[in-house]
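S.K.: To be precise about what I am sending: the file is called upload-v1.cif and holds mmCIF, C-alpha atoms.
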data_upload
loop_
_atom_site.label_atom_id
_atom_site.label_comp_id
_atom_site.auth_asym_id
_atom_site.auth_seq_id
_atom_site.Cartn_x
_atom_site.Cartn_y
_atom_site.Cartn_z
CA PHE Y 12 33.66 -111.01 -51.70
CA GLU Y 13 35.88 -109.10 -54.11
CA ALA Y 14 37.97 -107.92 -51.15
CA THR Y 15 38.85 -111.47 -50.09
CA ARG Y 16 39.18 -113.20 -53.45
CA GLY Y 17 42.54 -114.92 -53.60
CA ASN Y 18 43.28 -114.23 -49.92
CA SER Y 19 42.12 -117.25 -47.93
CA ALA Y 20 43.62 -115.98 -44.64
CA LEU Y 21 41.63 -112.72 -44.81
CA MET Y 22 38.52 -114.66 -45.82
CA ALA Y 23 38.88 -116.92 -42.80
CA ARG Y 24 39.33 -113.95 -40.43
CA LEU Y 25 36.26 -112.17 -41.78
CA ALA Y 26 34.21 -115.38 -41.55
CA ALA Y 27 35.24 -115.82 -37.93
CA TYR Y 28 34.43 -112.19 -37.15
CA GLN Y 29 31.03 -112.55 -38.82
CA GLY Y 30 30.32 -115.65 -36.72
CA ALA Y 31 31.22 -113.79 -33.53
CA LEU Y 32 28.94 -110.88 -34.42
CA GLU Y 33 26.06 -113.20 -35.24
CA GLU Y 34 26.55 -114.93 -31.88
CA LYS Y 35 26.33 -111.54 -30.14
CA ALA Y 36 23.06 -110.90 -31.98
CA ARG Y 37 21.66 -114.28 -30.90
CA GLN Y 38 22.61 -113.53 -27.30
CA SER Y 39 20.76 -110.18 -27.48
CA ALA Y 40 23.88 -108.13 -26.92
CA PRO Y 41 23.47 -104.32 -27.26
CA GLU Y 42 22.95 -103.45 -30.94
CA GLU Y 43 25.85 -100.99 -31.01
CA GLU Y 44 28.21 -103.94 -30.47
CA TRP Y 45 27.19 -105.88 -33.60
CA ARG Y 46 24.61 -104.28 -35.90
CA ILE Y 47 26.75 -101.90 -38.01
CA PRO Y 48 29.87 -104.12 -38.30
CA LEU Y 49 27.70 -107.12 -39.23
CA ALA Y 50 25.88 -105.09 -41.88
CA VAL Y 51 29.21 -103.99 -43.37
CA ILE Y 52 30.49 -107.58 -43.60
CA LEU Y 53 27.25 -108.93 -45.05
CA ASN Y 54 27.27 -106.24 -47.73
CA LEU Y 55 30.91 -106.29 -48.76
CA GLY Y 56 31.09 -105.92 -52.51
CA ILE Y 57 27.93 -103.78 -52.72
CA GLY Y 58 28.57 -100.09 -53.33
CA GLU Y 59 26.32 -97.08 -53.82
CA VAL Y 60 22.77 -97.85 -55.00
CA VAL Y 61 21.24 -94.92 -56.90
CA ASP Y 62 17.48 -94.94 -57.45
CA ILE Y 63 16.09 -92.56 -60.09
CA SER Y 64 12.37 -91.97 -59.83
CA PRO Y 65 9.69 -89.40 -60.69
CA GLU Y 66 8.04 -90.11 -57.34
CA PHE Y 67 9.26 -90.02 -53.76
CA THR Y 68 6.83 -90.15 -50.86
CA PRO Y 69 6.11 -87.87 -49.01
CA VAL Y 70 7.11 -85.22 -51.58
CA SER Y 71 5.28 -86.78 -54.54
CA THR Y 72 3.02 -89.82 -54.82
CA ALA Y 73 1.02 -90.76 -57.91
CA GLY Y 74 0.87 -94.45 -56.96
CA GLY Y 75 2.81 -97.20 -55.25
CA GLN Y 76 6.15 -96.18 -56.75
CA GLY Y 77 6.50 -93.23 -54.39
CA MET Y 78 5.95 -95.43 -51.34
CA VAL Y 79 8.50 -97.99 -52.57
CA LEU Y 80 11.05 -95.19 -52.99
CA LYS Y 81 10.34 -94.00 -49.48
CA ASP Y 82 10.99 -97.40 -47.86
CA ARG Y 83 13.42 -99.42 -50.01
CA PRO Y 84 16.39 -97.00 -49.89
CA ARG Y 85 15.97 -96.64 -46.13
CA ALA Y 86 16.08 -100.43 -45.79
CA PHE Y 87 19.32 -100.43 -47.79
CA ALA Y 88 20.79 -97.73 -45.54
CA ARG Y 89 19.86 -99.66 -42.40
CA ALA Y 90 21.67 -102.67 -43.87
CA GLY Y 91 24.82 -100.59 -44.37
CA ILE Y 92 24.41 -100.13 -48.14
CA PRO Y 93 25.02 -96.52 -49.31
CA SER Y 94 21.79 -95.32 -50.90
CA THR Y 95 20.86 -92.28 -53.00
CA VAL Y 96 17.56 -91.19 -54.57
CA ILE Y 97 17.33 -88.66 -57.41
CA THR Y 98 13.84 -87.33 -58.05
CA PHE Y 99 11.80 -84.24 -58.89
CA LEU Y 100 10.84 -81.33 -56.69
CA TYR Y 101 7.67 -80.36 -58.54
CA HIS Y 102 7.08 -76.65 -58.92
CA ASP Y 103 3.32 -76.58 -58.33
CA ALA Y 104 1.17 -78.05 -55.61
CA LYS Y 105 -1.25 -80.61 -57.08
CA GLU Y 106 -4.01 -82.10 -54.94
CA ASN Y 107 -2.88 -85.28 -53.18
CA LYS Y 108 -0.07 -86.13 -55.65
CA HIS Y 109 2.29 -83.42 -54.44
CA PRO Y 110 0.23 -81.27 -52.07
CA GLN Y 111 3.12 -78.88 -51.35
CA SER Y 112 4.77 -76.66 -53.93
CA ALA Y 113 8.54 -76.53 -54.34
CA GLU Y 114 8.53 -73.15 -52.62
CA ASP Y 115 6.73 -74.59 -49.58
CA ILE Y 116 9.11 -77.55 -49.30
CA ILE Y 117 12.23 -75.42 -49.68
CA ARG Y 118 10.92 -73.07 -46.98
CA ASN Y 119 9.49 -75.64 -44.53
CA GLY Y 120 11.28 -78.93 -45.24
CA ILE Y 121 9.63 -82.31 -45.78
CA ASN Y 122 7.58 -84.21 -43.23
CA VAL Y 123 8.88 -87.78 -42.96
CA ASP Y 124 6.79 -89.80 -40.52
CA GLY Y 125 6.16 -86.72 -38.38
CA ARG Y 126 9.76 -85.49 -38.44
CA ILE Y 127 10.70 -82.37 -40.42
CA VAL Y 128 13.76 -82.85 -42.62
CA PRO Y 129 15.34 -79.65 -44.00
CA VAL Y 130 15.92 -79.28 -47.75
CA GLN Y 131 18.99 -77.31 -48.78
CA ARG Y 132 20.08 -75.82 -52.07
CA ALA Y 133 22.99 -77.79 -53.54
CA GLY Y 134 23.70 -76.00 -56.83
CA LYS Y 135 22.69 -75.92 -60.50
CA ILE Y 136 23.17 -78.31 -63.41
CA ARG Y 137 22.70 -77.91 -67.17
CA VAL Y 138 20.52 -80.38 -69.04
CA HIS Y 139 20.77 -80.50 -72.82
CA PHE Y 140 17.76 -80.97 -75.12
CA GLY Y 141 17.99 -81.68 -78.82
CA PRO Y 142 16.01 -79.77 -81.49
CA ILE Y 143 12.44 -80.23 -82.71
CA ILE Y 144 12.16 -80.30 -86.52
CA ASP Y 145 9.19 -79.61 -88.81
CA LEU Y 146 9.13 -82.58 -91.17
CA VAL Y 147 7.48 -80.66 -94.03
CA SER Y 148 9.60 -77.50 -94.16
CA ARG Y 149 12.63 -79.09 -92.41
CA ALA Y 150 12.77 -75.91 -90.36
CA THR Y 151 13.87 -76.00 -86.76
CA VAL Y 152 10.76 -75.34 -84.69
CA LYS Y 153 12.64 -75.39 -81.39
CA PRO Y 154 16.44 -75.25 -81.43
CA ALA Y 155 18.72 -77.41 -79.31
CA ARG Y 156 19.20 -75.80 -75.95
CA ASP Y 157 20.51 -76.14 -72.40
CA GLU Y 158 18.16 -75.71 -69.46
CA LEU Y 159 19.40 -74.68 -66.02
CA VAL Y 160 18.04 -76.92 -63.29
CA ASP Y 161 18.19 -76.19 -59.55
CA VAL Y 162 19.36 -79.05 -57.35
CA TYR Y 163 18.30 -79.44 -53.70
CA HIS Y 164 19.50 -81.94 -51.15
CA ALA Y 165 18.17 -83.69 -48.04
CA VAL Y 166 19.19 -86.69 -45.93
CA VAL Y 167 16.48 -89.04 -44.68
CA GLU Y 168 17.67 -91.74 -42.26
CA GLY Y 169 21.02 -92.05 -44.00
CA VAL Y 170 19.59 -91.87 -47.54
CA LYS Y 171 20.82 -88.98 -49.68
CA ILE Y 172 18.01 -87.37 -51.65
CA TYR Y 173 18.70 -85.04 -54.59
CA PHE Y 174 15.76 -83.04 -55.94
CA LEU Y 175 15.64 -81.55 -59.45
CA HIS Y 176 13.58 -78.37 -59.78
CA HIS Y 177 12.55 -76.68 -63.02
CA PRO Y 178 9.54 -74.31 -63.03
CA SER Y 179 8.02 -75.46 -66.33
CA ILE Y 180 9.36 -78.87 -67.38
CA GLY Y 181 9.11 -80.09 -63.80
CA ARG Y 182 5.87 -78.34 -63.01
CA GLU Y 183 3.85 -81.40 -62.03
CA VAL Y 184 4.13 -85.18 -61.90
CA TYR Y 185 3.91 -86.69 -65.41
CA GLN Y 186 2.76 -83.27 -66.74
CA GLN Y 187 -0.74 -84.74 -66.64
CA SER Y 188 -2.70 -81.53 -67.20
CA ARG Y 189 -0.93 -80.77 -70.52
CA GLY Y 190 0.09 -84.20 -71.65
CA SER Y 191 1.59 -83.58 -75.10
CA SER Y 192 4.27 -85.98 -76.33
CA ILE Y 193 6.89 -83.23 -76.42
CA GLU Y 194 6.22 -82.10 -72.86
CA GLN Y 195 6.26 -85.59 -71.39
CA ILE Y 196 9.38 -86.64 -73.30
CA GLU Y 197 11.13 -83.47 -72.13
CA GLN Y 198 10.23 -84.30 -68.54
CA ALA Y 199 11.73 -87.78 -68.97
CA ILE Y 200 14.91 -86.21 -70.36
CA LEU Y 201 15.09 -83.74 -67.50
CA LEU Y 202 14.89 -86.53 -64.92
CA SER Y 203 17.14 -88.99 -66.77
CA ARG Y 204 19.91 -86.71 -67.96
CA GLY Y 205 19.54 -84.55 -64.86
CA ALA Y 206 20.21 -87.59 -62.66
CA LEU Y 207 23.39 -88.38 -64.58
CA GLU Y 208 24.53 -84.76 -64.26
CA VAL Y 209 23.88 -84.86 -60.50
CA MET Y 210 26.08 -87.94 -60.20
CA ARG Y 211 28.82 -86.16 -62.16
CA MET Y 212 28.49 -82.94 -60.17
CA PHE Y 213 28.61 -84.58 -56.74
CA ASP Y 214 31.08 -87.31 -57.73
CA ILE Y 215 28.68 -90.16 -56.99
CA VAL Y 216 30.19 -93.43 -58.23
CA PRO Y 217 27.25 -95.85 -58.46
CA ASP Y 218 27.53 -99.59 -58.11
CA PHE Y 219 23.87 -100.04 -59.08
CA ILE Y 220 21.68 -97.59 -60.99
CA VAL Y 221 17.98 -98.43 -60.68
CA GLY Y 222 15.48 -96.80 -63.03
CA ASN Y 223 11.86 -96.68 -61.92
CA ASP Y 224 9.24 -96.73 -64.69
CA TRP Y 225 9.25 -95.13 -68.12
CA THR Y 226 10.46 -91.62 -67.29
CA THR Y 227 13.86 -93.08 -66.38
CA GLY Y 228 14.24 -95.10 -69.60
CA PRO Y 229 16.53 -92.54 -71.30
CA VAL Y 230 19.10 -93.00 -68.50
CA PHE Y 231 20.27 -96.28 -69.96
CA ALA Y 232 20.20 -95.05 -73.55
CA TYR Y 233 22.45 -92.12 -72.60
CA LEU Y 234 24.83 -94.42 -70.74
CA LYS Y 235 25.10 -96.66 -73.80
CA ALA Y 236 25.17 -94.05 -76.58
CA HIS Y 237 26.34 -90.65 -75.36
CA PRO Y 238 30.11 -90.16 -74.93
CA ARG Y 239 29.59 -87.70 -72.07
CA TYR Y 240 28.29 -90.61 -69.99
CA LYS Y 241 29.45 -93.86 -71.60
CA ASP Y 242 33.08 -92.69 -71.42
CA ASP Y 243 32.78 -91.31 -67.87
CA PRO Y 244 34.81 -93.49 -65.45
CA ARG Y 245 32.19 -92.95 -62.74
CA PHE Y 246 29.80 -95.17 -64.66
CA LYS Y 247 32.34 -97.67 -66.00
CA ASN Y 248 31.60 -100.45 -63.51
CA ALA Y 249 27.98 -99.60 -62.74
CA ARG Y 250 25.35 -102.30 -62.92
CA PHE Y 251 21.82 -101.47 -64.01
CA GLY Y 252 18.31 -102.43 -62.99
CA TYR Y 253 14.92 -101.27 -64.22
CA LYS Y 254 11.82 -101.61 -62.08
CA ILE Y 255 8.33 -101.57 -63.61
CA HIS Y 256 5.77 -100.55 -61.00
CA ASN Y 257 2.69 -100.76 -63.25
CA LEU Y 258 2.32 -102.79 -66.45
CA GLY Y 259 -0.79 -100.98 -67.66
CA ARG Y 260 -0.47 -99.61 -71.20
CA ILE Y 261 -1.20 -96.03 -70.15
CA PHE Y 262 1.74 -96.20 -67.73
CA GLN Y 263 4.31 -97.31 -70.32
CA GLY Y 264 5.26 -93.92 -71.76
CA ARG Y 265 4.00 -94.64 -75.28
CA PHE Y 266 4.11 -91.46 -77.36
CA TYR Y 267 4.09 -90.42 -80.97
CA THR Y 268 7.54 -89.52 -82.30
CA ILE Y 269 5.78 -87.20 -84.76
CA GLU Y 270 3.34 -84.69 -83.30
CA HIS Y 271 1.50 -82.13 -85.46
CA GLY Y 272 4.07 -82.62 -88.21
CA LYS Y 273 7.02 -82.13 -85.88
CA ALA Y 274 9.70 -84.76 -85.24
CA VAL Y 275 10.10 -84.93 -81.48
CA ASP Y 276 12.47 -87.87 -81.15
CA LEU Y 277 15.59 -85.77 -81.75
CA VAL Y 278 14.87 -83.92 -78.54
CA LEU Y 279 16.36 -86.97 -76.78
CA PHE Y 280 19.66 -85.96 -78.39
CA LEU Y 281 20.83 -89.51 -78.98
CA ALA Y 282 21.01 -89.03 -82.76
CA LEU Y 283 22.93 -85.75 -82.34
CA ILE Y 284 25.93 -86.72 -80.24
CA ALA Y 285 27.95 -83.53 -80.68
CA ALA Y 286 27.12 -81.75 -77.42
#
Take the structure I supplied and represent it as C-alpha cells, if you would.

M.R.:
Amino acid sequence: FEATRGNSALMARLAAYQGALEEKARQSAPEEEWRIPLAVILNLGIGEVVDISPEFTPVSTAGGQGMVLKDRPRAFARAGIPSTVITFLYHDAKENKHPQSAEDIIRNGINVDGRIVPVQRAGKIRVHFGPIIDLVSRATVKPARDELVDVYHAVVEGVKIYFLHHPSIGREVYQQSRGSSIEQIEQAILLSRGALEVMRMFDIVPDFIVGNDWTTGPVFAYLKAHPRYKDDPRFKNARFGYKIHNLGRIFQGRFYTIEHGKAVDLVLFLALIAA
C-alpha cells in the first residue's frame, strides 16, 4: 500500500479494519455493511483502469474481445476499481457485428442484459493525421489534417464508456468492406489518438492503460514519442498493458507502409512531431 508505506500505525489500523470486515462477510452480515469498504481496502494503490478497444459488446462484437470488454471492466467496478472503456460508435449498422447504427444507439440507447442505458453527447475532439506522400513525385497526395470526432458517453454498472463517432473513418468495425492499408491505419489512429484526447478532455488520470489488439498499438507509440502526450502530467505515472485476443496472422494488423506508390506510414504522425 502506497498510502501506508512508512506509517506502521496506519497500516496496523487498516489491517485490523480489513479483518473485521472479512469477519462480517464470513458471518453473512448484510452486504452494505462490508462489501464496498472491503473492496476499497483490498484495492488501495490501484487507480483508474482505462481499456481502449475497437469492440464493446453489446454495441460492437467481431469476436471474443467485445465480450471481454463487456465483463472485465464491470468486474473491476464491482471490486471498487474505477474503470473506463473508450471505444467506437460505428456509423453504419453491419449484420451481427454492430447491428445498430450510431443514429439508432444515440436515439434509443444500448441494451445491456435487457436494460436500456442512455447514450449522451459529451462533446467533440480533434484528431490529427499526418500526410500521405507520393514516393515518385514527392507530392503530397493527402495533406496533414485534423478530423473532428464526436464523443458520446454512457455509464454501465459503474463503468464509464466513451464512444468515438466519425461517419467515414469509423464507419464499420475494422473497415472490413474496404480494407486498404490507409483506411485501416487511419481507423487505428482515430481510436488510439482519440482515446488519448478523450482522457485529456475529461481529465481522466489513468493508473493503467490497457490496449486491446492491434488497433490500439499506436497509443503506446504516441505516449512514448509525441510531446503532446509524453509530456502530459496525466500520463506521467500511468502503467501500460497490451492484451492480444487472437494470435492469428490476419488479426495482427500487418499492412504495407507503401501502397500504390504512396508512403502511408507518415499518417501516424510520429515522424512529424510538430503538431

S.K.: Could you work out how far atom CA of Asp224 of chain Y lies from atom CA of Val166 of chain Y, giving the answer in Å with one decimal?

M.R.: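 Spanning atom CA of Val166 of chain Y to atom CA of Asp224 of chain Y is a straight-line distance of 23.5 Å.
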
S.K.: What does the distance from atom CA of Pro154 of chain Y to atom CA of Phe140 of chain Y come to in Å, to one decimal?

M.R.: 8.6 Å

S.K.: Figure out the distance between atom CA of Val170 of chain Y and atom CA of Val128 of chain Y, please, to one decimal in Å.

M.R.: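 If I compute the distance from atom CA of Val128 of chain Y to atom CA of Val170 of chain Y, I get 11.8 Å.
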
S.K.: Counting all atoms listed in the file, figure out which residue out of Y:Leu100, Y:Ala90, Y:Ile200, Y:Ile193 gets nearest to Leu175 of chain Y.

M.R.: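 Checking each candidate against Leu175 of chain Y, we get Y:Leu100 as the closest.
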
S.K.: List the residues selected by the PyMOL selection byres ((chain Y and resi 72-88) around 10) in the file shown, writing them as a ChimeraX atom specification.

M.R.: /Y:50,54,59-71,89-96,98,107-110,123,167-172,184-185,223-224,254-257

S.K.: Identify which of the residues Y:Gly30, Y:Leu146, Y:Asp214, Y:Ala206 lies closest to Leu234 of chain Y, counting only C-alpha atoms when measuring atom-to-atom distances.

M.R.: Y:Ala206

S.K.: Using all atoms listed in the file, can you tell me which of Y:Arg211, Y:His164, Y:Lys273, Y:Arg182 comes closest to Gly120 of chain Y?

M.R.: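 Residue with the minimum atom-to-atom distance to Gly120 of chain Y: Y:His164.
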
S.K.: Pick the closest to Leu159 of chain Y from Y:His237, Y:Arg137, Y:Lys35, Y:His176: which is it, counting only C-alpha atoms?

M.R.: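 Result for the nearest residue to Leu159 of chain Y: Y:Arg137.
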
S.K.: May I ask which of the residues Y:Ala36, Y:Val130, Y:Val230, Y:Leu25 is the closest one to Tyr163 of chain Y, counting only C-alpha atoms?

M.R.: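 Looking at the shortest contact to Tyr163 of chain Y, the residue is Y:Val130.
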
S.K.: Which residue out of Y:Pro41, Y:Gly58, Y:Gly141, Y:Gly264 has the minimum interatomic distance to Ser192 of chain Y when all atoms listed in the file are used?

M.R.: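 Using all atoms listed in the file, Ser192 of chain Y sits closest to Y:Gly264.
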
S.K.: Got a sec to check which residues sit within 10 Å of (7.4, -78.5, -53.1), counting only C-alpha atoms, and write them as a list of chain:residue names?

M.R.: Y:Val70, Y:Ser71, Y:Phe99, Y:Leu100, Y:Tyr101, Y:His102, Y:Asp103, Y:Ala104, Y:Lys105, Y:His109, Y:Pro110, Y:Gln111, Y:Ser112, Y:Ala113, Y:Glu114, Y:Asp115, Y:Ile116, Y:Ile117, Y:Arg118, Y:Asn119, Y:Gly120, Y:Ile121, Y:Phe174, Y:His176

S.K.: Using only C-alpha atoms, determine which residues lie at most 6 Å from segment 248-252 of chain Y, disregarding the query and same-chain residues fewer than 2 positions distant; provide the list as a ChimeraX atom specification.

M.R.: /Y:217-221,246

S.K.: Report as a list in words the residues that result from applying the PyMOL selection byres ((chain Y and resi 135) around 7) to the structure here.

M.R.: Gly134, Ile136, Arg137, Leu159, Val160, Asp161 and Val162 of chain Y

S.K.: Identify the residues around (12.2, -84.9, -70.0) within a radius of 10 Å, measuring from all atoms listed in the file in the coordinates stated by the file, and give them as a PyMOL selection string.

M.R.: chain Y and resi 138+140+180-181+185+193-205+226-227+229+278-279

S.K.: May I have the residues within 8 Å of Leu49 of chain Y as a list of chain:residue names, using only C-alpha atoms and disregarding those fewer than 3 positions away in the same chain?

M.R.: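 Listed by chain and then number, they are Y:Gln29, Y:Leu32, Y:Glu33, Y:Trp45, Y:Arg46, Y:Ile52, Y:Leu53.
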